[in-house]
Amino acid sequence: MIHTMELQFFCPRWGSEDLDWELFFEKVREEGYDGVEYGIGNQADEKELDRVWRLAEKYGMKLIAQCYDTGEADFLKHKALYEAWFQKIKAYPVVKINTQTGRDIFSFEQNRQLIDVATRFTRDTGTAVVHETHRNKCLFAAHIAAEYLTKLPDLNLTMDLSHWVCVAETFLEDQAAAVQLAIEKAGHLHARVGYSQGPQIPDPRAAEWSHALDAHLNWWDQFVRRKQAAGETITITPEFGPYPYMVHLPGVQTPIADQWAVNGYMMQLLKQRYQDGRAAAL
C-alpha cells in the first residue's frame with residue numbers, strides 16, 4: 001500500500017550565523033523551506049532563544065533544535081553539560097531534537113549513559129531525539145554504530161552517511177548490513193554528500209561528483225520509502241556547510257561554491273524526486 005507522505009525541509013542556521021534572525025527567517029521562507037534546524041550551543045541564553053522562537057512563529061517556521069556543542073573530553077563534565085542542554089531546551093516547542101551525542105573516545109557504557117539522558121527526555125516530554133551519525137561522536141562509523149543499534153533497539157538516528165563514507169574511505173559497499181540498520185532506525189535525514197576523503201563534495205551540481213550523489217540518493221530513497229510505507233512525516237535538512245566543509249580557493253578566502261545555493265538545489269532536487277509518493281517507484 002502506498003501512503004501519501006508529508007515532506008518537511010529544514011534550512012540549516014549553520015553558515016548563516018552572521019545574518020540577523022528576522023532577515024534569516026524571511027530568506028528561509030522565500031526559499032521554500034518549512035523550517036530551520038538551529039544549532040544551540042551551551043552558551044545560548046534564554047533571551048536569544050525566546051527571540052528565535054517568537055520570530056519562528058511570526059514567519060510560520062518549524063524548528064528542529066540541534067545539540068552540537070559537546071566536545072568536553074572529561075566524561076562527568078560532558079554528561080553534566082549534556083543534561084543541562086536538555087533542561088535549557090525543555091521549554092521550547094520543537095519538531096524534534098538532533099543531537100551529536102557522546103564522543104568516539106568514550107566507552108560504550110559511557111555513551112549509553114548519554115543516550116539514556118535523551119531517552120528520559122523523550123519519555124518525559126514526548127519530543128523525539130535523534131542521534132546523529134557524526135564523526136568524533138559515538139556513532140562516528142558504520143561498524144561502531146551497528147553495535148549501538150543492535151544493543152539499543154530504541155535508538156533512533158539522524159542519518160548523515162557522508163560522515164561514514166569519509167571515515168571508511170569507501171561508499172560502504174562492504175558494510176551494507178550496518179547501512180541497512182541505519183536506514184531502518186533513521187528518524188531524520190541530513191542531505192549532504194560525502195566522498196572517500198571528506199564529508200562534503202565540492203558541489204553536487206557538478207557532473208564529476210554524480211557517482212557520490214547517486215550513492216547517497218540510493219540510501220535516501222530507501223529511507224524515504226520506509227517512512228512513506230509507515231505513513232510518517234519525513235524531515236530533511238540539506239546540510240552542505242560553510243568553511244571548512246566548503247573548501248576555499250587557496251590564498252583568496254573565496255568559497256568554491258555558494259552554500260545557500262547548493263542547499264537550495266538539494267532541497268528542490270529531493271522535492272521533485274519524492275513529491276506525490278514517487279519514492280515508492282524508485
# chains A, B, ... in the order shown; residues from 1 in each chain; ligands from 1
>>> residues_around(residues="Met61 of chain A", least_positions_apart="4", cutoff="8 Å", atoms="only C-alpha atoms", output="VMD selection string")
chain A and resid 25 29 34 to 36 56 to 57
>>> write_last_selection(atoms="N, CA and C atoms", output="short mmCIF file (atom, residue, chain, number, x, y, z; two decimals), in the first residue's frame")
data_model
loop_
_atom_site.label_atom_id
_atom_site.label_comp_id
_atom_site.auth_asym_id
_atom_site.auth_seq_id
_atom_site.Cartn_x
_atom_site.Cartn_y
_atom_site.Cartn_z
N PHE A 25 14.95 34.40 8.70
CA PHE A 25 13.65 33.74 8.55
C PHE A 25 12.94 34.19 7.27
N ARG A 29 11.97 31.49 4.37
CA ARG A 29 10.59 31.34 3.88
C ARG A 29 10.51 31.55 2.38
N ASP A 34 10.35 24.66 5.08
CA ASP A 34 9.29 24.56 6.07
C ASP A 34 9.74 25.01 7.45
N GLY A 35 11.05 25.05 7.65
CA GLY A 35 11.55 25.41 8.96
C GLY A 35 13.06 25.52 8.96
N VAL A 36 13.62 25.56 10.19
CA VAL A 36 15.04 25.79 10.40
C VAL A 36 15.57 24.74 11.37
N ALA A 56 10.18 32.61 14.72
CA ALA A 56 9.76 31.40 14.01
C ALA A 56 8.23 31.35 13.92
N GLU A 57 7.57 31.69 15.00
CA GLU A 57 6.10 31.70 14.98
C GLU A 57 5.59 32.79 14.03
#
>>> residues_around(residues="segment 241-251 of chain A", least_positions_apart="6", cutoff="7 Å", atoms="only C-alpha atoms", output="PDB file with all heavy atoms, in the first residue's frame")
ATOM      1  N   TRP A  14      23.428  26.934  10.419  1.00  0.00           N
ATOM      2  CA  TRP A  14      24.871  26.821  10.242  1.00  0.00           C
ATOM      3  C   TRP A  14      25.281  27.439   8.904  1.00  0.00           C
ATOM      4  O   TRP A  14      24.781  27.068   7.842  1.00  0.00           O
ATOM      5  CB  TRP A  14      25.238  25.338  10.276  1.00  0.00           C
ATOM      6  CG  TRP A  14      26.658  24.991  10.112  1.00  0.00           C
ATOM      7  CD1 TRP A  14      27.757  25.646  10.602  1.00  0.00           C
ATOM      8  CD2 TRP A  14      27.171  23.848   9.418  1.00  0.00           C
ATOM      9  NE1 TRP A  14      28.904  24.980  10.259  1.00  0.00           N
ATOM     10  CE2 TRP A  14      28.575  23.869   9.539  1.00  0.00           C
ATOM     11  CE3 TRP A  14      26.574  22.790   8.727  1.00  0.00           C
ATOM     12  CZ2 TRP A  14      29.396  22.900   8.975  1.00  0.00           C
ATOM     13  CZ3 TRP A  14      27.383  21.809   8.171  1.00  0.00           C
ATOM     14  CH2 TRP A  14      28.774  21.871   8.291  1.00  0.00           C
ATOM     15  N   GLY A  15      26.148  28.418   8.985  1.00  0.00           N
ATOM     16  CA  GLY A  15      26.605  29.107   7.788  1.00  0.00           C
ATOM     17  C   GLY A  15      25.951  30.456   7.582  1.00  0.00           C
ATOM     18  O   GLY A  15      26.402  31.259   6.758  1.00  0.00           O
ATOM     19  N   GLN A 200      32.072  16.254   2.545  1.00  0.00           N
ATOM     20  CA  GLN A 200      31.288  17.134   1.677  1.00  0.00           C
ATOM     21  C   GLN A 200      31.978  17.294   0.332  1.00  0.00           C
ATOM     22  O   GLN A 200      33.084  17.836   0.262  1.00  0.00           O
ATOM     23  CB  GLN A 200      31.113  18.509   2.347  1.00  0.00           C
ATOM     24  CG  GLN A 200      30.317  19.510   1.544  1.00  0.00           C
ATOM     25  CD  GLN A 200      29.981  20.753   2.356  1.00  0.00           C
ATOM     26  OE1 GLN A 200      29.346  20.673   3.401  1.00  0.00           O
ATOM     27  NE2 GLN A 200      30.425  21.913   1.895  1.00  0.00           N
ATOM     28  N   PRO A 202      32.642  19.015  -3.310  1.00  0.00           N
ATOM     29  CA  PRO A 202      32.673  20.450  -3.600  1.00  0.00           C
ATOM     30  C   PRO A 202      31.342  21.014  -4.088  1.00  0.00           C
ATOM     31  O   PRO A 202      30.961  22.117  -3.705  1.00  0.00           O
ATOM     32  CB  PRO A 202      33.757  20.563  -4.672  1.00  0.00           C
ATOM     33  CG  PRO A 202      34.657  19.410  -4.399  1.00  0.00           C
ATOM     34  CD  PRO A 202      33.754  18.306  -3.964  1.00  0.00           C
ATOM     35  N   GLN A 259      27.128  28.159  -0.597  1.00  0.00           N
ATOM     36  CA  GLN A 259      26.460  27.224   0.310  1.00  0.00           C
ATOM     37  C   GLN A 259      24.946  27.332   0.222  1.00  0.00           C
ATOM     38  O   GLN A 259      24.243  26.315   0.153  1.00  0.00           O
ATOM     39  CB  GLN A 259      26.915  27.462   1.753  1.00  0.00           C
ATOM     40  CG  GLN A 259      26.255  26.525   2.755  1.00  0.00           C
ATOM     41  CD  GLN A 259      26.222  27.067   4.175  1.00  0.00           C
ATOM     42  OE1 GLN A 259      26.622  28.210   4.425  1.00  0.00           O
ATOM     43  NE2 GLN A 259      25.749  26.262   5.115  1.00  0.00           N
TER      44      GLN A 259
END
>>> residues_around(residues="Gly102 of chain A", least_positions_apart="5", cutoff="9 Å", atoms="only C-alpha atoms", output="PyMOL selection string")
chain A and resi 70-71+75+78-79+82+110-112+114-115+136-139
>>> atom_distance(atom1="atom CA of Arg54 of chain A", atom2="atom CA of Glu239 of chain A")
24.0 Å
>>> residues_around(residues="Val52 of chain A", least_positions_apart="5", cutoff="12 Å", atoms="only C-alpha atoms", output="ChimeraX atom specification")
/A:13,20-25,35-40,44-47,57-65,92-94
>>> write_last_selection(atoms="N, CA, C and O atoms", output="compact mmCIF listing (two decimals), in the first residue's frame")
# COMPACT_ATOMS: atom_id res chain seq x y z
N ARG A 13 20.77 26.71 10.11
CA ARG A 13 21.26 28.02 10.53
C ARG A 13 22.77 28.10 10.34
O ARG A 13 23.32 29.17 10.13
N ASP A 20 21.03 38.53 10.65
CA ASP A 20 20.04 38.74 11.71
C ASP A 20 18.91 37.73 11.58
O ASP A 20 18.49 37.38 10.46
N TRP A 21 18.40 37.27 12.71
CA TRP A 21 17.39 36.21 12.70
C TRP A 21 16.16 36.59 11.88
O TRP A 21 15.60 35.75 11.16
N GLU A 22 15.70 37.82 11.97
CA GLU A 22 14.50 38.19 11.22
C GLU A 22 14.75 38.13 9.72
O GLU A 22 13.94 37.59 8.96
N LEU A 23 15.89 38.66 9.29
CA LEU A 23 16.23 38.59 7.87
C LEU A 23 16.44 37.14 7.43
O LEU A 23 16.07 36.76 6.32
N PHE A 24 17.00 36.34 8.32
CA PHE A 24 17.22 34.93 8.02
C PHE A 24 15.90 34.21 7.80
O PHE A 24 15.72 33.48 6.82
N PHE A 25 14.95 34.40 8.70
CA PHE A 25 13.65 33.74 8.55
C PHE A 25 12.94 34.19 7.27
O PHE A 25 12.29 33.39 6.59
N GLY A 35 11.05 25.05 7.65
CA GLY A 35 11.55 25.41 8.96
C GLY A 35 13.06 25.52 8.96
O GLY A 35 13.71 25.56 7.91
N VAL A 36 13.62 25.56 10.19
CA VAL A 36 15.04 25.79 10.40
C VAL A 36 15.57 24.74 11.37
O VAL A 36 14.91 24.41 12.36
N GLU A 37 16.76 24.23 11.08
CA GLU A 37 17.48 23.43 12.06
C GLU A 37 18.52 24.33 12.72
O GLU A 37 19.40 24.87 12.04
N TYR A 38 18.40 24.48 14.02
CA TYR A 38 19.11 25.52 14.77
C TYR A 38 20.07 24.87 15.76
O TYR A 38 19.64 24.24 16.73
N GLY A 39 21.37 25.00 15.51
CA GLY A 39 22.37 24.52 16.45
C GLY A 39 22.48 25.44 17.64
O GLY A 39 22.80 26.63 17.50
N ILE A 40 22.20 24.91 18.81
CA ILE A 40 22.14 25.71 20.04
C ILE A 40 23.32 25.32 20.93
O ILE A 40 23.40 24.19 21.42
N ALA A 44 24.18 29.60 24.74
CA ALA A 44 22.98 30.33 24.29
C ALA A 44 22.12 30.71 25.48
O ALA A 44 21.89 29.90 26.39
N ASP A 45 21.65 31.98 25.50
CA ASP A 45 20.86 32.41 26.65
C ASP A 45 19.37 32.45 26.30
O ASP A 45 18.97 32.38 25.14
N GLU A 46 18.54 32.54 27.33
CA GLU A 46 17.10 32.48 27.15
C GLU A 46 16.59 33.65 26.32
O GLU A 46 15.64 33.49 25.56
N LYS A 47 17.21 34.80 26.44
CA LYS A 47 16.76 35.97 25.67
C LYS A 47 16.88 35.68 24.17
O LYS A 47 15.97 35.98 23.39
N GLU A 57 7.57 31.69 15.00
CA GLU A 57 6.10 31.70 14.98
C GLU A 57 5.59 32.79 14.03
O GLU A 57 4.64 32.56 13.26
N LYS A 58 6.23 33.94 14.06
CA LYS A 58 5.82 35.04 13.19
C LYS A 58 5.90 34.65 11.72
O LYS A 58 5.01 34.99 10.92
N TYR A 59 6.95 33.92 11.34
CA TYR A 59 7.17 33.57 9.94
C TYR A 59 6.65 32.18 9.57
O TYR A 59 6.85 31.71 8.46
N GLY A 60 5.96 31.54 10.51
CA GLY A 60 5.37 30.23 10.23
C GLY A 60 6.41 29.14 10.01
O GLY A 60 6.19 28.21 9.23
N MET A 61 7.52 29.24 10.73
CA MET A 61 8.62 28.30 10.57
C MET A 61 8.64 27.28 11.70
O MET A 61 8.51 27.63 12.88
N LYS A 62 8.83 26.01 11.35
CA LYS A 62 9.04 24.96 12.35
C LYS A 62 10.52 24.97 12.75
O LYS A 62 11.37 25.46 12.01
N LEU A 63 10.82 24.39 13.92
CA LEU A 63 12.19 24.37 14.39
C LEU A 63 12.61 22.96 14.82
O LEU A 63 11.88 22.27 15.51
N ILE A 64 13.78 22.56 14.36
CA ILE A 64 14.49 21.41 14.90
C ILE A 64 15.68 21.96 15.69
O ILE A 64 16.46 22.76 15.15
N ALA A 65 15.78 21.59 16.96
CA ALA A 65 16.91 22.02 17.78
C ALA A 65 18.05 21.03 17.63
O ALA A 65 17.84 19.82 17.67
N TYR A 92 10.92 24.90 25.05
CA TYR A 92 10.72 25.41 23.71
C TYR A 92 10.13 24.31 22.80
O TYR A 92 10.67 23.21 22.73
N PRO A 93 9.05 24.62 22.08
CA PRO A 93 8.44 23.61 21.20
C PRO A 93 9.29 23.37 19.95
O PRO A 93 9.68 24.32 19.27
N VAL A 94 9.57 22.11 19.68
CA VAL A 94 10.37 21.74 18.52
C VAL A 94 9.73 20.55 17.82
O VAL A 94 8.97 19.79 18.42
>>> atom_distance(atom1="atom CA of Thr170 of chain A", atom2="atom CA of Gly198 of chain A")
10.6 Å
>>> residues_around(residues="segment 130-133 of chain A", least_positions_apart="2", cutoff="9 Å", atoms="only C-alpha atoms", output="ChimeraX atom specification")
/A:96-101,115,118,128,135,137-142,145,155-164,182,186-188,190
>>> select_by_dssp(residues="segment 103-231 of chain A", states="helix (DSSP H, G or I)", output="MDAnalysis selection string")
chainID A and resid 108:125 142:151 161:168 173:185 207:229
>>> closest_residue(among="A:Leu217, A:Ala91, A:Ala84, A:Leu149", to="Phe108 of chain A", atoms="only C-alpha atoms")
A:Leu149
>>> residues_around(residues="His211 of chain A", least_positions_apart="6", cutoff="10 Å", atoms="only C-alpha atoms", output="PyMOL selection string")
chain A and resi 171+195+204+217
>>> atom_distance(atom1="atom CA of Pro199 of chain A", atom2="atom CA of Phe240 of chain A")
9.3 Å
>>> decode(residues="segment 231-244 of chain A", atoms="all heavy atoms", output="mmCIF file, in the first residue's frame")
data_model
loop_
_atom_site.group_PDB
_atom_site.id
_atom_site.type_symbol
_atom_site.label_atom_id
_atom_site.label_comp_id
_atom_site.auth_asym_id
_atom_site.auth_seq_id
_atom_site.Cartn_x
_atom_site.Cartn_y
_atom_site.Cartn_z
ATOM 1 N N GLY A 231 3.637 5.782 6.660
ATOM 2 C CA GLY A 231 2.764 6.946 6.748
ATOM 3 C C GLY A 231 3.297 8.028 7.660
ATOM 4 O O GLY A 231 2.528 8.798 8.249
ATOM 5 N N GLU A 232 4.630 8.129 7.771
ATOM 6 C CA GLU A 232 5.252 9.072 8.696
ATOM 7 C C GLU A 232 5.760 10.316 7.984
ATOM 8 O O GLU A 232 6.173 10.262 6.824
ATOM 9 C CB GLU A 232 6.417 8.392 9.424
ATOM 10 C CG GLU A 232 5.993 7.208 10.279
ATOM 11 C CD GLU A 232 7.173 6.456 10.866
ATOM 12 O OE1 GLU A 232 8.331 6.781 10.523
ATOM 13 O OE2 GLU A 232 6.937 5.528 11.664
ATOM 14 N N THR A 233 5.725 11.440 8.688
ATOM 15 C CA THR A 233 6.288 12.677 8.162
ATOM 16 C C THR A 233 7.796 12.534 8.011
ATOM 17 O O THR A 233 8.478 11.987 8.882
ATOM 18 C CB THR A 233 5.971 13.848 9.097
ATOM 19 O OG1 THR A 233 4.552 14.012 9.171
ATOM 20 C CG2 THR A 233 6.604 15.145 8.596
ATOM 21 N N ILE A 234 8.317 13.030 6.902
ATOM 22 C CA ILE A 234 9.743 12.919 6.595
ATOM 23 C C ILE A 234 10.372 14.296 6.752
ATOM 24 O O ILE A 234 9.942 15.269 6.121
ATOM 25 C CB ILE A 234 9.954 12.403 5.169
ATOM 26 C CG1 ILE A 234 9.356 10.999 5.027
ATOM 27 C CG2 ILE A 234 11.435 12.400 4.796
ATOM 28 C CD1 ILE A 234 9.123 10.573 3.608
ATOM 29 N N THR A 235 11.392 14.387 7.600
ATOM 30 C CA THR A 235 12.099 15.651 7.802
ATOM 31 C C THR A 235 13.499 15.539 7.215
ATOM 32 O O THR A 235 14.214 14.566 7.467
ATOM 33 C CB THR A 235 12.181 16.020 9.297
ATOM 34 O OG1 THR A 235 12.853 14.973 10.023
ATOM 35 C CG2 THR A 235 10.792 16.206 9.878
ATOM 36 N N ILE A 236 13.860 16.547 6.421
ATOM 37 C CA ILE A 236 15.148 16.555 5.723
ATOM 38 C C ILE A 236 15.790 17.927 5.875
ATOM 39 O O ILE A 236 15.148 18.951 5.622
ATOM 40 C CB ILE A 236 14.972 16.236 4.227
ATOM 41 C CG1 ILE A 236 14.351 14.851 4.030
ATOM 42 C CG2 ILE A 236 16.314 16.328 3.500
ATOM 43 C CD1 ILE A 236 14.017 14.525 2.576
ATOM 44 N N THR A 237 17.053 17.933 6.256
ATOM 45 C CA THR A 237 17.841 19.163 6.262
ATOM 46 C C THR A 237 18.951 19.044 5.230
ATOM 47 O O THR A 237 19.882 18.244 5.420
ATOM 48 C CB THR A 237 18.464 19.426 7.651
ATOM 49 O OG1 THR A 237 17.438 19.525 8.629
ATOM 50 C CG2 THR A 237 19.279 20.720 7.638
ATOM 51 N N PRO A 238 18.874 19.778 4.108
ATOM 52 C CA PRO A 238 20.033 19.843 3.209
ATOM 53 C C PRO A 238 21.155 20.548 3.985
ATOM 54 O O PRO A 238 20.999 21.697 4.385
ATOM 55 C CB PRO A 238 19.537 20.688 2.038
ATOM 56 C CG PRO A 238 18.029 20.652 2.151
ATOM 57 C CD PRO A 238 17.745 20.564 3.615
ATOM 58 N N GLU A 239 22.273 19.857 4.215
ATOM 59 C CA GLU A 239 23.223 20.379 5.204
ATOM 60 C C GLU A 239 24.638 20.521 4.664
ATOM 61 O O GLU A 239 25.608 20.237 5.361
ATOM 62 C CB GLU A 239 23.206 19.500 6.462
ATOM 63 C CG GLU A 239 23.408 20.313 7.734
ATOM 64 C CD GLU A 239 24.154 19.543 8.827
ATOM 65 O OE1 GLU A 239 24.720 18.466 8.566
ATOM 66 O OE2 GLU A 239 24.184 20.054 9.952
ATOM 67 N N PHE A 240 24.754 21.000 3.446
ATOM 68 C CA PHE A 240 26.074 21.406 2.990
ATOM 69 C C PHE A 240 26.499 22.611 3.817
ATOM 70 O O PHE A 240 25.732 23.559 3.999
ATOM 71 C CB PHE A 240 26.049 21.755 1.500
ATOM 72 C CG PHE A 240 26.129 20.543 0.612
ATOM 73 C CD1 PHE A 240 25.034 19.709 0.455
ATOM 74 C CD2 PHE A 240 27.313 20.233 -0.047
ATOM 75 C CE1 PHE A 240 25.106 18.579 -0.349
ATOM 76 C CE2 PHE A 240 27.395 19.106 -0.864
ATOM 77 C CZ PHE A 240 26.288 18.274 -1.004
ATOM 78 N N GLY A 241 27.729 22.569 4.329
ATOM 79 C CA GLY A 241 28.144 23.582 5.290
ATOM 80 C C GLY A 241 29.107 24.604 4.725
ATOM 81 O O GLY A 241 29.598 24.488 3.596
ATOM 82 N N PRO A 242 29.415 25.620 5.539
ATOM 83 C CA PRO A 242 30.392 26.637 5.171
ATOM 84 C C PRO A 242 31.820 26.132 5.406
ATOM 85 O O PRO A 242 32.033 24.966 5.736
ATOM 86 C CB PRO A 242 30.053 27.774 6.134
ATOM 87 C CG PRO A 242 29.588 27.062 7.384
ATOM 88 C CD PRO A 242 28.850 25.843 6.890
ATOM 89 N N TYR A 243 32.782 27.008 5.251
ATOM 90 C CA TYR A 243 34.174 26.673 5.534
ATOM 91 C C TYR A 243 34.302 26.135 6.959
ATOM 92 O O TYR A 243 33.681 26.662 7.870
ATOM 93 C CB TYR A 243 35.048 27.924 5.355
ATOM 94 C CG TYR A 243 36.524 27.681 5.579
ATOM 95 C CD1 TYR A 243 37.318 27.198 4.550
ATOM 96 C CD2 TYR A 243 37.099 27.917 6.826
ATOM 97 C CE1 TYR A 243 38.669 26.957 4.757
ATOM 98 C CE2 TYR A 243 38.445 27.675 7.041
ATOM 99 C CZ TYR A 243 39.218 27.199 6.013
ATOM 100 O OH TYR A 243 40.545 26.952 6.210
ATOM 101 N N PRO A 244 35.075 25.079 7.223
ATOM 102 C CA PRO A 244 35.971 24.381 6.301
ATOM 103 C C PRO A 244 35.338 23.200 5.561
ATOM 104 O O PRO A 244 36.042 22.537 4.804
ATOM 105 C CB PRO A 244 37.077 23.888 7.237
ATOM 106 C CG PRO A 244 36.368 23.613 8.521
ATOM 107 C CD PRO A 244 35.301 24.668 8.630
#
